[in-house]
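Q: My structure is below; once you've seen it, I'll send some questions.
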Amino acid sequence: MSMSPRRRRQVFRVAGYVLFAAVLVAVAAAADWGRLSEAFFRLDVARSMFPDAITVALRNTIVYTLLAFVFGLTLGLVLALMRLSSILPYRWFATAYIELFRGLPALLVLFMVGYGVPLAFPDREIPGGVYGSVTVGLGLTAAAYMAETIRAGIQAVPKGQLEAARTLGMSHPRAMVSIILPQAFRIVIPPLTNEIILLTKDTSLVYVLGVTSTTIELTKFAGDSLNTRVNPTPLVVAGLLYLVITLPLSQLVRGLERRARKER
Amino acid sequence: MSTIEISGLHKSFGALEVLRGIDLSVEAGEVVCVIGPSGSGKSTLLRCVNLLEEPTSGTIRVAGTEVTDPDCDIDAVRRGIGMVFQQFNLFGHLTVRENVTIAQRRVLRRSRAEAERVATANLSRVGLLDKAGAYPAQLSGGQQQRVAIARALAMDPQLMLFDEPTSALDPELVGEVLAVMRGLAAEGMTMLVVTHEMAFAREVAHRVVFMDGGVVVEQGPPAEVFGSPREERTRTFLHRVLEPARVSENEIGVQRKE
Ligand SMILES: Nc1ncnc2c1ncn2[C@@H]1O[C@H](COP(=O)(O)OP(=O)(O)OP(=O)(O)O)[C@@H](O)[C@H]1O
Ligand SMILES: [Mg+2]
């Protein structure tokens with residue numbers, strides 16, 4: 001008996017559901033639930049992490065993210081404008097910077113800022129201690145990505161907008177500030193929010209700078225708890241706390257993108 | 001002193017010479033319509049007048065100021081020249097009212113109250129005061145173009161440039177924009193208009209300029225240019241524009257398979 005293509009598609013669909021459910025049941029049956037909950041979901045271990053997990057670790061993760069983001073955004077905007085400048089050396093510099101920092105591991109840059117530069121200039125230091133080093137160390141890399149995002153945003157604003165502004169007698173900088181950048185930023189809010197999500201995760205690298213009990217962030221905090229309690233539950237707790245930051249952000253991105261599609 | 005005096009204007013884009021020696025003047029209060037085939041350089045001519053394009057050679061004076069002089073303050077000159085584009089180019093992040101006030105505030109440094117007053121007057125002028133709070137995306141093309149005209153008028157220009165202001169509009173929206181332009185002409189505004197609306201040119205223009213291949217082929221009162229064109233190229237163009245349904249296959253070189 002031969003099936004019509006439509007009938008066949010239906011059968012494949014049902015088979016797909018059945019396969020998924022079967023695998024799920026098999027895994028659940030094979031798993032050692034007692035062992036799993038003993039390892040990853042020990043309530044007493046989890047409870048012992050609070051309130052420091054939130055008041056210190058989560059707070060620092062957010063602070064590092066915001067500092068690096070503001071630094072990266074500012075530098076990224078300058079680089080984007082240089083990239084689009086009519087002055088050739090500015091374009092060269094911006095292009096070289098972007099290529100360089102997109103090509104280097106964030107960890108290497110963090111080492112350079114945290115240890116390399118202090119070794120070279122022992123009599124000076126980056127203000128703000130570890131906060132300053134993190135701002136610069138993560139911000140330098142973030143700036144390279146954000147510069148490209150912002151440049152694309154500026155270029156996505158129709159050329160006629162600048163012409164209309166100039167025709168009304170606005171100078172180029174004035175037109176940039178009042179007309180082009182506000183529209184460009186609207187375009188780049190979703191990708192910039194993605195940059196924040198990436199930065200949030202990159203703050204886990206900060207431990208290499210040697211953080212103290214007051215400057216500790218989530219990943220290092222979880223690692224330390226794991227060591228003292230000899231139990232991996234802290235990793236699960238830290239993971240959930242990261243999601244507290246990143247899930248609303250990605251939700252926001254999705255919402256903004258949906259709205260942008262509608263406006264078009 | 002003419003409002004616009006163009007002499008010996010040449011403009012090339014790389015190897016492509018788009019304007020090949022244009023001499024043209026527009027008197028105060030005059031309405032001049034520029035017509036001609038696509039690619040003949042009409043937009044480029046208009047854009048040279050307010051230096052959106054840098055002329056390759058030649059001089060352009062606007063109200064006595066030589067805009068082609070490197071020492072000329074081009075931002076100051078542009079303040080006095082309104083320009084309306086085919087694609088409207090309203091500022092999408094600003095409301096209609098803000099579109100009309102922003103340059104008054106930032107460029108002319110008018111007070112908020114003064115800018116609002118001028119905006120209200122000009123939005124009424126184009127019949128869109130009730131849309132002052134709307135965003136451009138919420139308006140029809142014809143409404144957007146009328147706002148663009150109000151935005152230009154709010155700067156008190158002594159000269160208005162129009163580059164095919166109705167070409168991007170649905171046919172039923174063309175009339176409202178032309179009505180506003182006709183009103184402006186009646187008030188004595190100096191206007192240089194690139195258009196494919198031959199009826200408008202015939203009725204409103206004091207002078208019609210026919211361009212082809214980067215030169216002015218012929219110019220004169222609309223009755224003459226439309227009624228008894230002197231040049232063959234003008235006749236061909238007018239025939240194709242005015243009677244598009246009657247262009248024969250012969251004319252365009254169609255060869256039929258036997
Ligand atoms: N920025 C530019 N760079 C290169 N070539 C250009 C540029 N602007 C215009 N051109 C070319 O110059 C020629 C004249 O263009 P222009 O826009 O002035 O013609 P037009 O008469 O306005 O035509 P249309 O009726 O299609 O608007 C065209 O061949 C066009 O491709
Ligand atoms: Mg054109």
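Lettering and numbering for the structure tokens are positional, with chains as A, B, ... in the shown order, residues counted from 1 in each chain, and ligands counted from 1 in the shown order.
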Taking only C-alpha atoms into account, what are the residues of chain B at most 9 Å from chain A, put as number ranges by chain?
A: B: 50, 52, 74-85, 87-94, 102-104, 106-108, 137, 151-152, 155
Q: Can you pull out every residue within 8 Å of segment 26-43 of chain B, counting only C-alpha atoms, but drop anything in the same chain fewer than 6 positions away, and send it as number ranges by chain?
A: B: 1-5, 18-19, 163, 185, 188-196, 201, 204-215, 237
Q: What would the file look like if the residues just selected were written as a compact mmCIF listing (two decimals), in the first residue's frame with C-alpha atoms?
A:
```
# COMPACT_ATOMS: atom_id res chain seq x y z
CA MET B 1 20.47 89.73 -8.71
CA SER B 2 19.03 86.35 -9.51
CA THR B 3 18.22 83.96 -6.69
CA ILE B 4 20.20 81.20 -8.41
CA GLU B 5 22.95 81.82 -10.95
CA VAL B 18 26.85 63.80 -15.58
CA LEU B 19 26.63 67.58 -16.01
CA ASP B 163 13.42 66.66 -6.46
CA ALA B 185 4.06 79.23 -6.02
CA GLY B 188 5.65 84.04 -4.67
CA MET B 189 8.10 81.40 -3.39
CA THR B 190 11.12 80.91 -5.62
CA MET B 191 11.03 77.27 -6.68
CA LEU B 192 13.26 74.96 -8.69
CA VAL B 193 11.29 71.78 -9.28
CA VAL B 194 12.42 68.54 -10.92
CA THR B 195 9.23 66.75 -11.88
CA HIS B 196 7.59 64.23 -14.14
CA ALA B 201 4.79 72.11 -15.03
CA VAL B 204 2.36 76.37 -12.54
CA ALA B 205 5.85 76.90 -13.97
CA HIS B 206 6.94 80.26 -15.31
CA ARG B 207 9.66 78.51 -17.21
CA VAL B 208 10.33 74.91 -18.21
CA VAL B 209 13.86 73.59 -18.65
CA PHE B 210 14.40 70.43 -20.67
CA MET B 211 17.61 68.57 -19.85
CA ASP B 212 19.14 65.63 -21.63
CA GLY B 213 22.60 64.11 -21.42
CA GLY B 214 23.83 66.61 -18.85
CA VAL B 215 23.02 69.77 -20.79
CA PHE B 237 10.73 63.02 -24.82
```
Q: So that I can check the secondary structure, give me every residue of segment 8-182 of chain B assigned strand (DSSP E) by backbone DSSP, as a VMD selection string.
A: chain B and resid 8 to 13 16 to 26 31 to 35 57 to 62 65 to 66 81 to 84 159 to 163
Q: Out of A:Thr65, A:Ser133, A:Ser48, A:Thr95, which residue has the shortest atom-to-atom distance to Val113 of chain A when counting only C-alpha atoms?
A: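 Answer, going by the shortest atom-to-atom distance: A:Ser133.
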Q: Please provide as a PyMOL selection string all residues within 8 Å of Lys11 of chain B, with the sequence filter that same-chain residues fewer than 5 positions apart are discarded (counting only C-alpha atoms).
A: chain B and resi 17-20+54-57
Q: Leaving out Val118 of chain B and any residue of its chain fewer than 6 positions from it, which residues lie within 10 Å of it when counting only C-alpha atoms, given as a ChimeraX atom specification?
A: /B:100-101,104,110,112,124,150-151,153-156
Q: Can I get the selection written as a compact mmCIF listing (two decimals), in the first residue's frame, with all heavy atoms?
A:
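That gives us out.txt:
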```txt
# COMPACT_ATOMS: atom_id res chain seq x y z
N VAL B 100 9.55 69.28 12.57
CA VAL B 100 9.47 70.66 12.09
C VAL B 100 10.21 71.63 13.03
O VAL B 100 10.65 72.68 12.61
CB VAL B 100 8.00 71.08 11.90
CG1 VAL B 100 7.89 72.49 11.34
CG2 VAL B 100 7.29 70.11 10.98
N THR B 101 10.38 71.23 14.29
CA THR B 101 11.03 72.18 15.22
C THR B 101 12.53 71.94 15.39
O THR B 101 13.25 72.87 15.75
CB THR B 101 10.39 72.11 16.63
OG1 THR B 101 10.40 70.77 17.07
CG2 THR B 101 8.97 72.65 16.62
N GLN B 104 14.92 74.31 13.65
CA GLN B 104 14.69 75.68 14.15
C GLN B 104 15.41 75.86 15.48
O GLN B 104 16.03 76.88 15.74
CB GLN B 104 13.20 75.92 14.41
CG GLN B 104 12.31 75.88 13.21
CD GLN B 104 10.91 76.31 13.63
OE1 GLN B 104 10.71 77.44 14.08
NE2 GLN B 104 9.95 75.42 13.51
N ARG B 110 16.11 79.11 17.77
CA ARG B 110 14.87 79.73 18.20
C ARG B 110 14.45 79.16 19.55
O ARG B 110 14.77 78.01 19.86
CB ARG B 110 13.76 79.47 17.19
CG ARG B 110 13.91 80.31 15.93
CD ARG B 110 12.79 80.04 14.95
NE ARG B 110 13.00 80.80 13.73
CZ ARG B 110 12.49 80.48 12.55
NH1 ARG B 110 11.74 79.39 12.44
NH2 ARG B 110 12.73 81.22 11.49
N ARG B 112 11.90 77.56 22.33
CA ARG B 112 10.92 76.51 22.15
C ARG B 112 9.57 77.07 21.71
O ARG B 112 8.94 76.59 20.77
CB ARG B 112 10.75 75.72 23.45
CG ARG B 112 9.70 74.62 23.38
CD ARG B 112 9.56 73.90 24.71
NE ARG B 112 10.81 73.25 25.10
CZ ARG B 112 11.18 72.05 24.65
NH1 ARG B 112 10.38 71.40 23.83
NH2 ARG B 112 12.31 71.52 25.02
N SER B 124 -0.26 73.88 9.76
CA SER B 124 -1.59 74.30 9.29
C SER B 124 -1.54 74.60 7.80
O SER B 124 -2.45 74.26 7.05
CB SER B 124 -2.04 75.57 10.02
OG SER B 124 -1.89 75.43 11.40
N ALA B 150 6.57 71.33 5.10
CA ALA B 150 6.42 72.21 6.28
C ALA B 150 7.75 72.33 7.02
O ALA B 150 8.13 73.42 7.47
CB ALA B 150 5.35 71.66 7.21
N ARG B 151 8.49 71.23 7.11
CA ARG B 151 9.78 71.24 7.79
C ARG B 151 10.74 72.20 7.10
O ARG B 151 11.46 72.96 7.75
CB ARG B 151 10.36 69.82 7.79
CG ARG B 151 11.73 69.70 8.43
CD ARG B 151 12.20 68.27 8.50
NE ARG B 151 12.53 67.73 7.18
CZ ARG B 151 13.01 66.51 6.97
NH1 ARG B 151 13.18 65.68 8.00
NH2 ARG B 151 13.30 66.09 5.75
N LEU B 153 9.85 74.73 5.10
CA LEU B 153 9.33 76.10 5.17
C LEU B 153 9.59 76.74 6.53
O LEU B 153 9.74 77.96 6.64
CB LEU B 153 7.82 76.11 4.90
CG LEU B 153 7.39 75.79 3.47
CD1 LEU B 153 5.87 75.74 3.37
CD2 LEU B 153 7.98 76.81 2.50
N ALA B 154 9.65 75.91 7.58
CA ALA B 154 9.84 76.44 8.93
C ALA B 154 11.17 77.17 9.09
O ALA B 154 11.36 77.94 10.02
CB ALA B 154 9.75 75.31 9.95
N MET B 155 12.10 76.92 8.16
CA MET B 155 13.40 77.60 8.23
C MET B 155 13.37 78.94 7.49
O MET B 155 14.40 79.58 7.32
CB MET B 155 14.49 76.70 7.63
CG MET B 155 14.60 75.33 8.26
SD MET B 155 15.09 75.38 9.98
CE MET B 155 16.85 75.71 9.81
N ASP B 156 12.20 79.36 7.04
CA ASP B 156 12.03 80.61 6.27
C ASP B 156 13.00 80.69 5.09
O ASP B 156 13.75 81.65 4.96
CB ASP B 156 12.24 81.83 7.18
CG ASP B 156 11.20 81.89 8.27
OD1 ASP B 156 10.05 81.45 8.02
OD2 ASP B 156 11.53 82.36 9.37
```
Q: Which residues come within 7 Å of segment 166-169 of chain B, counting only C-alpha atoms, excluding same-chain residues fewer than 5 positions away, as a PyMOL selection string?
A: chain B and resi 86-87+141-142+174
Q: Report, in Å to a single decimal, how far apart atom CA of Leu209 of chain A and atom CA of Pro118 of chain A are.
A: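 A separation of 11.8 Å between them.
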Q: Using only C-alpha atoms, which of the listed residues (A:Val117, A:Val25, A:Leu218, A:Val230) sits closest to Asn60 of chain A?
A: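 The closest residue to Asn60 of chain A is A:Leu218.
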Q: Need the shell around Arg254 of chain A: protein/DNA/RNA residues with any atom at most 12 Å away, counting only C-alpha atoms. Skip same-chain ones fewer than 3 positions apart. Format as a PyMOL selection string?
A: chain A and resi 189-191+193-194+247-251+257-261
Q: Got a sec: who's within 9 Å of Ala94 of chain A, counting only C-alpha atoms, leaving out chain neighbours fewer than 5 positions off, as a PDB file with N, CA, C and O atoms, in the first residue's frame?
A:
```pdb
ATOM      1  N   VAL A  78      33.313  55.587  19.969  1.00  0.00           N
ATOM      2  CA  VAL A  78      34.414  56.373  19.404  1.00  0.00           C
ATOM      3  C   VAL A  78      35.040  55.625  18.228  1.00  0.00           C
ATOM      4  O   VAL A  78      35.280  56.195  17.158  1.00  0.00           O
ATOM      5  N   LEU A  79      35.274  54.318  18.415  1.00  0.00           N
ATOM      6  CA  LEU A  79      35.890  53.520  17.348  1.00  0.00           C
ATOM      7  C   LEU A  79      34.993  53.456  16.119  1.00  0.00           C
ATOM      8  O   LEU A  79      35.466  53.539  14.985  1.00  0.00           O
ATOM      9  N   ALA A  80      33.675  53.316  16.357  1.00  0.00           N
ATOM     10  CA  ALA A  80      32.749  53.242  15.223  1.00  0.00           C
ATOM     11  C   ALA A  80      32.796  54.540  14.425  1.00  0.00           C
ATOM     12  O   ALA A  80      32.830  54.519  13.187  1.00  0.00           O
ATOM     13  N   LEU A  81      32.828  55.674  15.129  1.00  0.00           N
ATOM     14  CA  LEU A  81      32.877  56.965  14.430  1.00  0.00           C
ATOM     15  C   LEU A  81      34.205  57.121  13.698  1.00  0.00           C
ATOM     16  O   LEU A  81      34.255  57.658  12.588  1.00  0.00           O
ATOM     17  N   MET A  82      35.293  56.617  14.312  1.00  0.00           N
ATOM     18  CA  MET A  82      36.591  56.674  13.635  1.00  0.00           C
ATOM     19  C   MET A  82      36.578  55.811  12.377  1.00  0.00           C
ATOM     20  O   MET A  82      37.105  56.182  11.338  1.00  0.00           O
ATOM     21  N   ARG A  83      35.959  54.647  12.503  1.00  0.00           N
ATOM     22  CA  ARG A  83      35.860  53.711  11.385  1.00  0.00           C
ATOM     23  C   ARG A  83      35.153  54.350  10.185  1.00  0.00           C
ATOM     24  O   ARG A  83      35.443  54.066   9.048  1.00  0.00           O
ATOM     25  N   PRO A  89      43.825  57.977   8.537  1.00  0.00           N
ATOM     26  CA  PRO A  89      44.500  57.367   9.691  1.00  0.00           C
ATOM     27  C   PRO A  89      43.523  56.927  10.786  1.00  0.00           C
ATOM     28  O   PRO A  89      43.758  55.910  11.455  1.00  0.00           O
ATOM     29  N   GLU A  99      40.273  44.581  14.594  1.00  0.00           N
ATOM     30  CA  GLU A  99      40.799  43.284  14.176  1.00  0.00           C
ATOM     31  C   GLU A  99      41.636  42.668  15.292  1.00  0.00           C
ATOM     32  O   GLU A  99      41.547  41.477  15.576  1.00  0.00           O
ATOM     33  N   ALA A 144      35.688  46.354  20.867  1.00  0.00           N
ATOM     34  CA  ALA A 144      35.922  45.954  19.480  1.00  0.00           C
ATOM     35  C   ALA A 144      34.639  45.404  18.860  1.00  0.00           C
ATOM     36  O   ALA A 144      34.281  45.752  17.733  1.00  0.00           O
ATOM     37  N   ALA A 147      31.984  48.246  18.601  1.00  0.00           N
ATOM     38  CA  ALA A 147      32.288  49.198  17.526  1.00  0.00           C
ATOM     39  C   ALA A 147      31.690  48.705  16.214  1.00  0.00           C
ATOM     40  O   ALA A 147      31.066  49.468  15.474  1.00  0.00           O
TER      41      ALA A 147
END
```
